Amino acid sequence: MENNTIELKGVTVNYGKPSAPFTAVRDVNLTVPQGTVCALIGPSGCGKSTLLKVMAGLMKPASGTVNIGGRDVNPHDLTIGLMPQNYGLLPWKNVRDNILLGCRVRHQDMHERQPMYVKLLEQLGLKDLLFRYPRELSGGQQQRVALARAFLLQPDILLMDEPFSALDALTREAMQDVFLGLWREHRVTTVLVTHYVEEALYLGHQIALMQSAPGRIAEIIDNPWGCQGLDRGRDDVFRLSRTVREKLRKLEVGDA
Amino acid sequence: MKQHRILRAYLLGAVTLLVLWWIIALLVELPIIPVPDKVFVRLGDIFASTIVIHGVYSLWRIAAGLALAVGIGYPIGLAMGYFDRFDRLLSPLVYLTYPIPKIALLPILMLLAGVGELSKILMIFLIIVFQVIIAVRDGVRTIPRETYASLYTLGASFGQLFYHVIFPASWPKFLTAVRVAMATAISVLFFTETFGTQYGMGYFIMDAWLRVNYLDMYAGIIVLSLLGLLLFGLLDTLERRTCRWQLK
């Protein structure tokens, strides 16, 4: 099995001019082992999205290193699946072309992907929507298209920036289950940015709590229930969620 | 269904114009405003033998000018929209020259490029090219950075970015610009065709006027208007076919 462990060592990211930099994240160390999900959670402006951009190769850290399976982040060698907040669907492409976009850009063998494509359409209920455009879809449907694109690509790592935030509560839980189903089949190393404690607990094997100004990781909690698909209302899950909430509140108070 | 409605709207427009024309012709009773039926009979008589060649000349000049304007304006607009440095460099130049009424440059063009075909095509080129540059630049510039993000992370080449994002995103603005410029181009073409040529709808209409042949003149005006209708119709159809993703 390939090793796609994500390793961040002493990562500091600055914005703005080098002469007067604004430090978005400082000295972040994080290891996401192969085949696990890490949930990044914290107040807005704590640099969660910035960290994701660094892992995606969209930004270079001012110092520190980012490795994926011991290799530098290079979009030409690695297949990085990125699911941005707005799903990243191209409005001028219909559902089918949006799903196939990733594979096309990577020049993957479409013939070989065909069975998986058909299966994903089946699993995500997209078969009847293939020739619709994104504006003709509901938020949940757009999310499904984005998931189909990401998993069809069979990425080395998957990065998701608040993927379920724009959905209403019920759709969000349903989509978390859809994600869970797909993830268990493919077990891709995943980093998930979220601001929902329940989501972090439901999906993350690790939960990295972040604090802001400058952004850094305050604590990493191992979550025995990550991606198990356990009953969300279980007592022990509820207790852990209360602990996480308490910690997050302290972090926010500490900032203020 | 929708096609039918559009066709009906066009027919209604044409009929309204004809009725107005008829009423005015009957009221005024002057040779300078003949009744439409006589004009249409004349049009039927001389269309194939005379007018067609003039129409083809005018169409060719528009097509050549448009092709030249797109061929040169598109890459410039693209570079200005995508690379800030190009924009900083070229915007002043474009803004300084864009507001000049291009028809004011006609004497210079005719001195430099002669009174023949080239100066007419260059005139149309000059009118359309600025609209194309600015529309493409703005179209490319308004693409949100995040739109590129998922392609960047896949290691997409510039060619792939262009094919998947830049071209389709700026296409509707580009079409609108061509449509707006087209109306000006046709009216200026008419003017340029009154010099140094014996072909073109402009020449035909002015020539008929000088010969005091009002029926010919009106036949020419009708053909010129139909020419415009044809061009706009083509652009509209193209837009409906290709921009379904953004139509409400």
# chains A, B, ... in the order shown; residues from 1 in each chain; ligands from 1
>>> residues_around(residues="stretch 113-125 of chain B", least_positions_apart="3", cutoff="6 Å", atoms="only C-alpha atoms", output="PyMOL selection string")
chain B and resi 61+65+69+109-110+128-129+185+196
>>> interface_residues(of="chain B", to="chain A", cutoff="12 Å", atoms="only C-alpha atoms", output="PyMOL selection string")
chain B and resi 143-172+242-248
>>> write_last_selection(atoms="N, CA and C atoms", output="CSV table (one decimal), in the first residue's frame")
chain,number,residue,atom,x,y,z
B,143,ILE,N,-13.2,36.3,-13.0
B,143,ILE,CA,-13.3,34.9,-12.6
B,143,ILE,C,-12.7,34.8,-11.2
B,144,PRO,N,-13.4,34.3,-10.2
B,144,PRO,CA,-12.9,34.3,-8.9
B,144,PRO,C,-11.7,33.4,-8.8
B,145,ARG,N,-10.7,33.8,-8.0
B,145,ARG,CA,-9.5,33.0,-7.9
B,145,ARG,C,-9.7,31.6,-7.5
B,146,GLU,N,-10.8,31.4,-6.6
B,146,GLU,CA,-11.1,30.0,-6.1
B,146,GLU,C,-11.4,29.1,-7.3
B,147,THR,N,-12.0,29.7,-8.4
B,147,THR,CA,-12.3,28.8,-9.5
B,147,THR,C,-11.1,28.1,-10.1
B,148,TYR,N,-10.0,28.8,-10.0
B,148,TYR,CA,-8.8,28.1,-10.5
B,148,TYR,C,-8.2,27.1,-9.5
B,149,ALA,N,-8.5,27.3,-8.2
B,149,ALA,CA,-7.8,26.5,-7.1
B,149,ALA,C,-7.8,25.0,-7.4
B,150,SER,N,-9.0,24.4,-7.6
B,150,SER,CA,-9.0,23.0,-7.8
B,150,SER,C,-8.3,22.5,-9.0
B,151,LEU,N,-8.2,23.4,-10.0
B,151,LEU,CA,-7.4,23.0,-11.2
B,151,LEU,C,-5.9,23.1,-10.9
B,152,TYR,N,-5.5,24.2,-10.2
B,152,TYR,CA,-4.1,24.4,-9.8
B,152,TYR,C,-3.6,23.2,-9.1
B,153,THR,N,-4.4,22.7,-8.1
B,153,THR,CA,-3.9,21.6,-7.3
B,153,THR,C,-3.8,20.3,-8.1
B,154,LEU,N,-4.5,20.3,-9.2
B,154,LEU,CA,-4.3,19.1,-10.1
B,154,LEU,C,-3.2,19.2,-11.0
B,155,GLY,N,-2.4,20.4,-10.9
B,155,GLY,CA,-1.3,20.6,-11.8
B,155,GLY,C,-1.7,20.9,-13.2
B,156,ALA,N,-2.8,21.6,-13.4
B,156,ALA,CA,-3.3,21.9,-14.7
B,156,ALA,C,-2.3,22.9,-15.4
B,157,SER,N,-2.1,22.7,-16.7
B,157,SER,CA,-1.3,23.6,-17.5
B,157,SER,C,-2.1,24.8,-17.8
B,158,PHE,N,-1.4,25.9,-18.4
B,158,PHE,CA,-2.2,27.1,-18.8
B,158,PHE,C,-3.2,26.7,-19.9
B,159,GLY,N,-2.8,25.9,-20.8
B,159,GLY,CA,-3.7,25.4,-21.8
B,159,GLY,C,-5.0,24.8,-21.2
B,160,GLN,N,-4.8,24.0,-20.2
B,160,GLN,CA,-6.0,23.4,-19.6
B,160,GLN,C,-6.8,24.4,-18.8
B,161,LEU,N,-6.2,25.4,-18.2
B,161,LEU,CA,-6.9,26.4,-17.5
B,161,LEU,C,-7.7,27.2,-18.5
B,162,PHE,N,-7.1,27.5,-19.6
B,162,PHE,CA,-7.8,28.3,-20.7
B,162,PHE,C,-9.0,27.5,-21.2
B,163,TYR,N,-8.8,26.2,-21.5
B,163,TYR,CA,-9.9,25.4,-22.1
B,163,TYR,C,-11.0,25.2,-21.1
B,164,HIS,N,-10.7,24.9,-19.8
B,164,HIS,CA,-11.7,24.5,-18.9
B,164,HIS,C,-12.3,25.7,-18.2
B,165,VAL,N,-11.6,26.8,-18.0
B,165,VAL,CA,-12.0,27.9,-17.2
B,165,VAL,C,-12.1,29.2,-17.9
B,166,ILE,N,-11.0,29.7,-18.4
B,166,ILE,CA,-10.9,31.1,-18.9
B,166,ILE,C,-11.8,31.3,-20.1
B,167,PHE,N,-11.7,30.4,-21.1
B,167,PHE,CA,-12.5,30.6,-22.3
B,167,PHE,C,-14.0,30.5,-22.0
B,168,PRO,N,-14.5,29.4,-21.4
B,168,PRO,CA,-15.9,29.4,-21.2
B,168,PRO,C,-16.4,30.5,-20.2
B,169,ALA,N,-15.6,30.9,-19.3
B,169,ALA,CA,-16.1,32.0,-18.3
B,169,ALA,C,-16.2,33.3,-19.0
B,170,SER,N,-15.3,33.6,-20.0
B,170,SER,CA,-15.4,34.9,-20.6
B,170,SER,C,-16.2,35.0,-21.9
B,171,TRP,N,-16.6,33.8,-22.3
B,171,TRP,CA,-17.4,33.7,-23.6
B,171,TRP,C,-18.6,34.6,-23.7
B,172,PRO,N,-19.5,34.5,-22.6
B,172,PRO,CA,-20.8,35.3,-22.7
B,172,PRO,C,-20.5,36.8,-22.9
B,242,THR,N,-24.8,28.1,-26.6
B,242,THR,CA,-23.5,27.9,-25.8
B,242,THR,C,-23.6,28.4,-24.4
B,243,CYS,N,-24.6,29.3,-24.1
B,243,CYS,CA,-24.6,29.9,-22.8
B,243,CYS,C,-25.8,29.4,-22.0
B,244,ARG,N,-26.3,28.2,-22.2
B,244,ARG,CA,-27.4,27.7,-21.5
B,244,ARG,C,-27.1,27.6,-20.0
B,245,TRP,N,-25.9,27.5,-19.7
B,245,TRP,CA,-25.5,27.3,-18.3
B,245,TRP,C,-25.8,28.5,-17.4
B,246,GLN,N,-25.9,29.7,-18.1
B,246,GLN,CA,-26.1,30.9,-17.3
B,246,GLN,C,-27.4,31.6,-17.5
B,247,LEU,N,-28.2,31.1,-18.5
B,247,LEU,CA,-29.5,31.8,-18.8
B,247,LEU,C,-30.4,31.4,-17.7
B,248,LYS,N,-31.2,32.4,-17.3
B,248,LYS,CA,-32.1,32.2,-16.2
B,248,LYS,C,-33.4,31.5,-16.7
>>> residues_around(residues="stretch 90-94 of chain B", least_positions_apart="4", cutoff="8 Å", atoms="only C-alpha atoms", output="PyMOL selection string")
chain B and resi 80+86+98+130
>>> closest_residue(among="A:Asp27, A:Glu198, A:Asp177, A:Glu219", to="A:Ser241", atoms="only C-alpha atoms")
A:Glu198
>>> select_by_dssp(residues="stretch 82-247 of chain A", states="strand (DSSP E or B)", output="number ranges by chain")
A: 82-83, 157-161, 189-194, 206-211, 215-222
>>> closest_residue(among="A:Leu129, A:Met210, A:Val37, A:Leu100", to="A:Leu51", atoms="only C-alpha atoms")
A:Met210
>>> atom_distance(atom1="atom CA of A:Ala146", atom2="atom CA of A:Ile207")
23.5 Å
>>> atom_distance(atom1="atom CA of A:Leu126", atom2="atom CA of A:Val178")
12.8 Å
>>> residues_around(residues="B:Lys102", least_positions_apart="2", cutoff="7 Å", atoms="only C-alpha atoms", output="PyMOL selection string")
chain B and resi 100+104-105+126-127
>>> closest_residue(among="A:Pro33, A:Gly125, A:Gly204, A:Gly215", to="A:Gln141", atoms="only C-alpha atoms")
A:Gly125
>>> residues_around(residues="B:Trp21", least_positions_apart="4", cutoff="10 Å", atoms="only C-alpha atoms", output="ChimeraX atom specification")
/B:15-17,25-27,33-36
>>> write_last_selection(atoms="N, CA and C atoms", output="short mmCIF file (atom, residue, chain, number, x, y, z; two decimals), in the first residue's frame")
data_model
loop_
_atom_site.label_atom_id
_atom_site.label_comp_id
_atom_site.auth_asym_id
_atom_site.auth_seq_id
_atom_site.Cartn_x
_atom_site.Cartn_y
_atom_site.Cartn_z
N VAL B 15 -43.96 43.32 -39.33
CA VAL B 15 -45.29 43.76 -39.78
C VAL B 15 -45.58 45.18 -39.27
N THR B 16 -45.24 45.43 -38.01
CA THR B 16 -45.47 46.76 -37.44
C THR B 16 -44.74 47.83 -38.25
N LEU B 17 -43.46 47.56 -38.56
CA LEU B 17 -42.67 48.52 -39.34
C LEU B 17 -43.30 48.77 -40.69
N ALA B 25 -46.27 56.52 -46.15
CA ALA B 25 -46.20 56.65 -47.61
C ALA B 25 -47.52 57.16 -48.16
N LEU B 26 -48.63 56.62 -47.67
CA LEU B 26 -49.95 57.02 -48.16
C LEU B 26 -50.26 58.47 -47.76
N LEU B 27 -49.83 58.85 -46.56
CA LEU B 27 -50.09 60.21 -46.09
C LEU B 27 -49.28 61.24 -46.86
N ILE B 33 -40.80 58.65 -50.56
CA ILE B 33 -41.31 57.56 -49.71
C ILE B 33 -42.31 56.72 -50.50
N PRO B 34 -41.81 55.76 -51.26
CA PRO B 34 -42.70 54.90 -52.05
C PRO B 34 -43.42 53.90 -51.15
N VAL B 35 -44.54 53.37 -51.65
CA VAL B 35 -45.25 52.37 -50.85
C VAL B 35 -44.47 51.06 -50.84
N PRO B 36 -44.54 50.31 -49.75
CA PRO B 36 -43.71 49.10 -49.60
C PRO B 36 -43.92 48.07 -50.70
#
